[in-house]
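These notes are about the structure you will find just below.
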Amino acid sequence: MSIVITGATGQLGRHVVEALLQRNVPAAQIVATGRSLEKLADFGTRGVQIKPMDYSDPASVAKALQGASKVLLISGSEVGQRVDQHRTVIEAAKAEGVELVAYTSIANADTTTMKLAAEHQATEAILKDSGVPFAILRNGWYLENYTDQLPGTLAQGALAGSAGEGKVSAASRADYAEAAAAVLVADNQAGRIYELGGDHAFTLAELAQEISTAASKPVAYQDLPAEEYAGLLAGFGVPQPFAEILADSDLGIARGDLLVSGSDLRTLIGRPTTPMPDAVRSAVAAA
């Protein structure tokens with residue numbers, strides 16, 4: 001048996017490989033793939049198989065999936081190209097006759113109207129039509145989406161956004177990675193759809209207050225019209241098309257699109273999810 005992790009050079013993928021090792025999956029049964037083998041070399045020294053894979057190169061995908069029993073398809077990072085890239089992996093997995101493809105989708109993919117969700121929705125449809133046994137991991141927002149931006153937030157003394165009073169069920173990358181590992185090692189996962197999010201949802205105003213408390217510095221939430229927020233992001237160097245997607249995602253938070261009910265994430269990882277205040281305090285201490 002081998003478990004293939006696509007996109008293992010990314011932060012989520014690396015966490016998944018670590019989570020599988022922590023679950024005592026033999027290193028030789030884990031295949032970490034990505035465009036840069038140099039970024040996977042440390043896993044190789046620990047006995048993990050490392051293979052090159054580029055979503056846009058069908059030959060590399062097919063070769064990386066040879067002998068795979070299960071595949072974790074981590075959604076690609078190239079917005080606008082992901083549907084074709086994901087289809088390439090799914091078709092290769094079907095040709096290989098894998099037992100399961102687990103896909104990292106987006107929270108509430110069946111109902112959200114966020115622009116960022118469109119490629120996830122299309123990929124879910126491809127999976128369902130493919131005939132490949134699949135599980136869907138509908139991941140909510142990462143806490144790191146906010147904590148990684150802390151230096152700028154603290155410098156500005158403000159957390160900007162367009163989410164209004166909407167709540168987001170965010171959790172850490174490590175939480176989502178542990179959930180993926182749990183699904184990959186479990187039996188009878190075909191057809192399962194998990195809605196994954198943190199135990200305690202919060203507004204961006206509550207996040208700002210927590211940052212302010214942790215940093216002992218005033219930080220306020222500044223709610224902006226989406227067009228103005230996108231312009232602000234673009235001014236900080238975010239490409240305009242992606243800035244617009246991020247602003248639209250905040251409008252999704254305002255509608256409740258990233259509010260996850262239920263306890264799928266907590267159940268899969270067997271512990272409470274990482275609390276937002278803990279993540280903020282750790283990030284402030286490290287800043």
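Numbering starts fresh at 1 for the residues of each chain in the structure tokens, the chains themselves are lettered A, B, ... in the order given, and ligands are numbered from 1 as they appear.
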Listing only residues of segment 148-228 of chain A within 12 Å of segment 74-83 of chain A, what is the closest atom pair and its distance in Å (to one decimal) for each, using only C-alpha atoms, sorted by chain and residue number ascending, as a Markdown table?
| residue | atom | partner | partner_atom | distance |
| --- | --- | --- | --- | --- |
| A:Tyr176 | CA | A:Ile74 | CA | 11.4 |
| A:Ala177 | CA | A:Ile74 | CA | 10.4 |
| A:Ala180 | CA | A:Ile74 | CA | 9.9 |
- Filtered DSSP result for segment 72-282 of chain A, state alpha helix (DSSP H), as a PyMOL selection string: chain A and resi 82-96+118-130+144-147+150-156+173-185+204-215+226-235+240-255+264-269+276-282
File of the preceding selection, C-alpha atoms, as a short mmCIF file (atom, residue, chain, number, x, y, z; two decimals), in the first residue's frame:
data_model
loop_
_atom_site.label_atom_id
_atom_site.label_comp_id
_atom_site.auth_asym_id
_atom_site.auth_seq_id
_atom_site.Cartn_x
_atom_site.Cartn_y
_atom_site.Cartn_z
CA ARG A 82 -6.92 24.30 -11.18
CA VAL A 83 -9.86 22.50 -12.79
CA ASP A 84 -7.77 21.07 -15.62
CA GLN A 85 -4.91 20.32 -13.24
CA HIS A 86 -7.16 18.47 -10.83
CA ARG A 87 -8.77 16.56 -13.69
CA THR A 88 -5.32 15.35 -14.73
CA VAL A 89 -4.72 13.87 -11.27
CA ILE A 90 -8.18 12.31 -11.08
CA GLU A 91 -7.83 10.69 -14.50
CA ALA A 92 -4.40 9.31 -13.58
CA ALA A 93 -5.80 7.96 -10.31
CA LYS A 94 -8.61 6.26 -12.20
CA ALA A 95 -6.17 4.70 -14.66
CA GLU A 96 -4.13 3.41 -11.72
CA ALA A 118 -15.96 27.78 -8.32
CA GLU A 119 -12.93 25.60 -9.12
CA HIS A 120 -13.55 23.47 -6.05
CA GLN A 121 -17.16 22.95 -7.10
CA ALA A 122 -16.06 21.96 -10.58
CA THR A 123 -13.49 19.52 -9.17
CA GLU A 124 -16.08 17.92 -6.89
CA ALA A 125 -18.29 17.40 -9.93
CA ILE A 126 -15.42 15.79 -11.87
CA LEU A 127 -14.72 13.47 -8.95
CA LYS A 128 -18.34 12.43 -8.65
CA ASP A 129 -18.56 11.73 -12.38
CA SER A 130 -15.21 9.91 -12.58
CA GLU A 144 -2.75 31.30 9.31
CA ASN A 145 -4.63 33.40 6.74
CA TYR A 146 -4.73 35.96 9.53
CA THR A 147 -1.75 35.20 11.76
CA LEU A 150 0.21 39.94 11.81
CA PRO A 151 3.31 42.10 11.20
CA GLY A 152 1.37 44.24 8.74
CA THR A 153 -1.72 44.30 10.94
CA LEU A 154 0.30 45.47 13.93
CA ALA A 155 2.16 48.04 11.87
CA GLN A 156 -1.10 49.50 10.60
CA ARG A 173 -3.30 24.02 8.88
CA ALA A 174 -2.08 21.32 11.26
CA ASP A 175 -5.69 20.61 12.27
CA TYR A 176 -6.79 20.13 8.66
CA ALA A 177 -3.69 18.05 7.93
CA GLU A 178 -4.41 15.72 10.84
CA ALA A 179 -7.96 15.30 9.54
CA ALA A 180 -6.67 14.40 6.08
CA ALA A 181 -4.28 11.85 7.58
CA ALA A 182 -7.12 10.35 9.61
CA VAL A 183 -9.21 9.88 6.47
CA LEU A 184 -6.30 8.41 4.52
CA VAL A 185 -5.60 5.71 7.10
CA LEU A 204 -13.00 39.79 12.36
CA ALA A 205 -13.77 42.37 15.05
CA GLU A 206 -13.26 39.66 17.66
CA LEU A 207 -10.03 38.66 15.95
CA ALA A 208 -8.82 42.26 16.03
CA GLN A 209 -9.63 42.50 19.72
CA GLU A 210 -7.68 39.32 20.41
CA ILE A 211 -4.68 40.67 18.48
CA SER A 212 -4.92 43.92 20.43
CA THR A 213 -4.97 42.07 23.75
CA ALA A 214 -2.10 39.75 22.83
CA ALA A 215 0.10 42.54 21.49
CA ALA A 226 -15.33 45.13 -1.07
CA GLU A 227 -14.07 47.31 -3.92
CA GLU A 228 -12.14 49.51 -1.47
CA TYR A 229 -10.72 46.50 0.34
CA ALA A 230 -9.57 44.95 -2.94
CA GLY A 231 -7.87 48.23 -3.81
CA LEU A 232 -6.13 48.27 -0.44
CA LEU A 233 -4.82 44.74 -0.98
CA ALA A 234 -3.65 45.62 -4.47
CA GLY A 235 -1.83 48.60 -2.99
CA GLN A 240 -5.57 42.77 -8.62
CA PRO A 241 -7.50 39.66 -9.73
CA PHE A 242 -6.59 37.81 -6.53
CA ALA A 243 -7.27 40.90 -4.42
CA GLU A 244 -10.79 40.90 -5.83
CA ILE A 245 -11.19 37.20 -4.99
CA LEU A 246 -10.03 37.82 -1.41
CA ALA A 247 -12.46 40.71 -1.01
CA ASP A 248 -15.24 38.56 -2.43
CA SER A 249 -14.31 35.84 0.08
CA ASP A 250 -14.85 38.34 2.89
CA LEU A 251 -18.32 39.01 1.48
CA GLY A 252 -18.78 35.25 1.70
CA ILE A 253 -17.87 35.39 5.39
CA ALA A 254 -20.47 38.13 5.83
CA ARG A 255 -23.08 35.80 4.29
CA ASP A 264 -16.38 16.81 11.70
CA LEU A 265 -12.91 18.30 12.21
CA ARG A 266 -12.86 17.78 15.96
CA THR A 267 -14.11 14.21 15.52
CA LEU A 268 -11.52 13.30 12.89
CA ILE A 269 -8.55 14.64 14.85
CA MET A 276 -8.04 31.38 17.60
CA PRO A 277 -6.73 33.14 20.73
CA ASP A 278 -3.99 30.53 21.11
CA ALA A 279 -2.93 30.96 17.49
CA VAL A 280 -2.88 34.75 17.86
CA ARG A 281 -0.83 34.68 21.05
CA SER A 282 1.70 32.31 19.48
#
- Item | Length of the atom CA of Val16 of chain A to atom CA of Asp199 of chain A vector [Å] | 20.4 Å
Which of segment 39-137 of chain A fall in strand (DSSP E or B), as a PDB file with C-alpha atoms, in the first residue's frame:
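Okay, result_34.pdb is ready:
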ATOM      1  CA  GLN A  49       9.407   8.209  -1.091  1.00  0.00           C
ATOM      2  CA  ILE A  50       9.748  11.473  -2.986  1.00  0.00           C
ATOM      3  CA  LYS A  51       8.661  11.867  -6.577  1.00  0.00           C
ATOM      4  CA  PRO A  52       8.412  14.830  -8.950  1.00  0.00           C
ATOM      5  CA  LYS A  70      -4.760   6.183  -1.924  1.00  0.00           C
ATOM      6  CA  VAL A  71      -4.176   9.737  -3.104  1.00  0.00           C
ATOM      7  CA  LEU A  72      -4.595  13.028  -1.307  1.00  0.00           C
ATOM      8  CA  LEU A  73      -5.278  15.612  -3.995  1.00  0.00           C
ATOM      9  CA  LEU A 100      -9.518   6.383  -2.771  1.00  0.00           C
ATOM     10  CA  VAL A 101      -8.907   9.964  -3.850  1.00  0.00           C
ATOM     11  CA  ALA A 102      -9.346  12.449  -1.010  1.00  0.00           C
ATOM     12  CA  TYR A 103      -9.692  16.042  -2.207  1.00  0.00           C
ATOM     13  CA  THR A 104      -9.195  19.262  -0.238  1.00  0.00           C
ATOM     14  CA  SER A 105     -12.190  21.365  -1.223  1.00  0.00           C
ATOM     15  CA  ILE A 106     -13.748  24.434   0.426  1.00  0.00           C
ATOM     16  CA  PHE A 134     -13.510   9.579  -3.345  1.00  0.00           C
ATOM     17  CA  ALA A 135     -13.749  11.477  -0.089  1.00  0.00           C
ATOM     18  CA  ILE A 136     -14.130  15.241   0.042  1.00  0.00           C
ATOM     19  CA  LEU A 137     -12.492  17.322   2.751  1.00  0.00           C
TER      20      LEU A 137
END
- atom CA of Gly47 of chain A to atom CA of Leu65 of chain A measures 17.8 Å
- Message: Could you check the closest approach to Leu12 of chain A for each of A:Ala285, A:Lys63, A:Tyr142, A:Gly197 and tell me which residue wins, using only C-alpha atoms?
- Response: A:Tyr142
- Task: Tell me which of A:Gln11, A:Leu143, A:Ala107, A:Leu20 sits closest to Ile193 of chain A, counting only C-alpha atoms.
- Result: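 Of all the options, A:Ala107 lies closest to Ile193 of chain A.
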- Item | Non-local contacts of Ala32 of chain A (9 Å; only C-alpha atoms; under 6 positions in same chain excluded) as a ChimeraX atom specification | /A:3-9,13-14,17,40,43-44,48-52
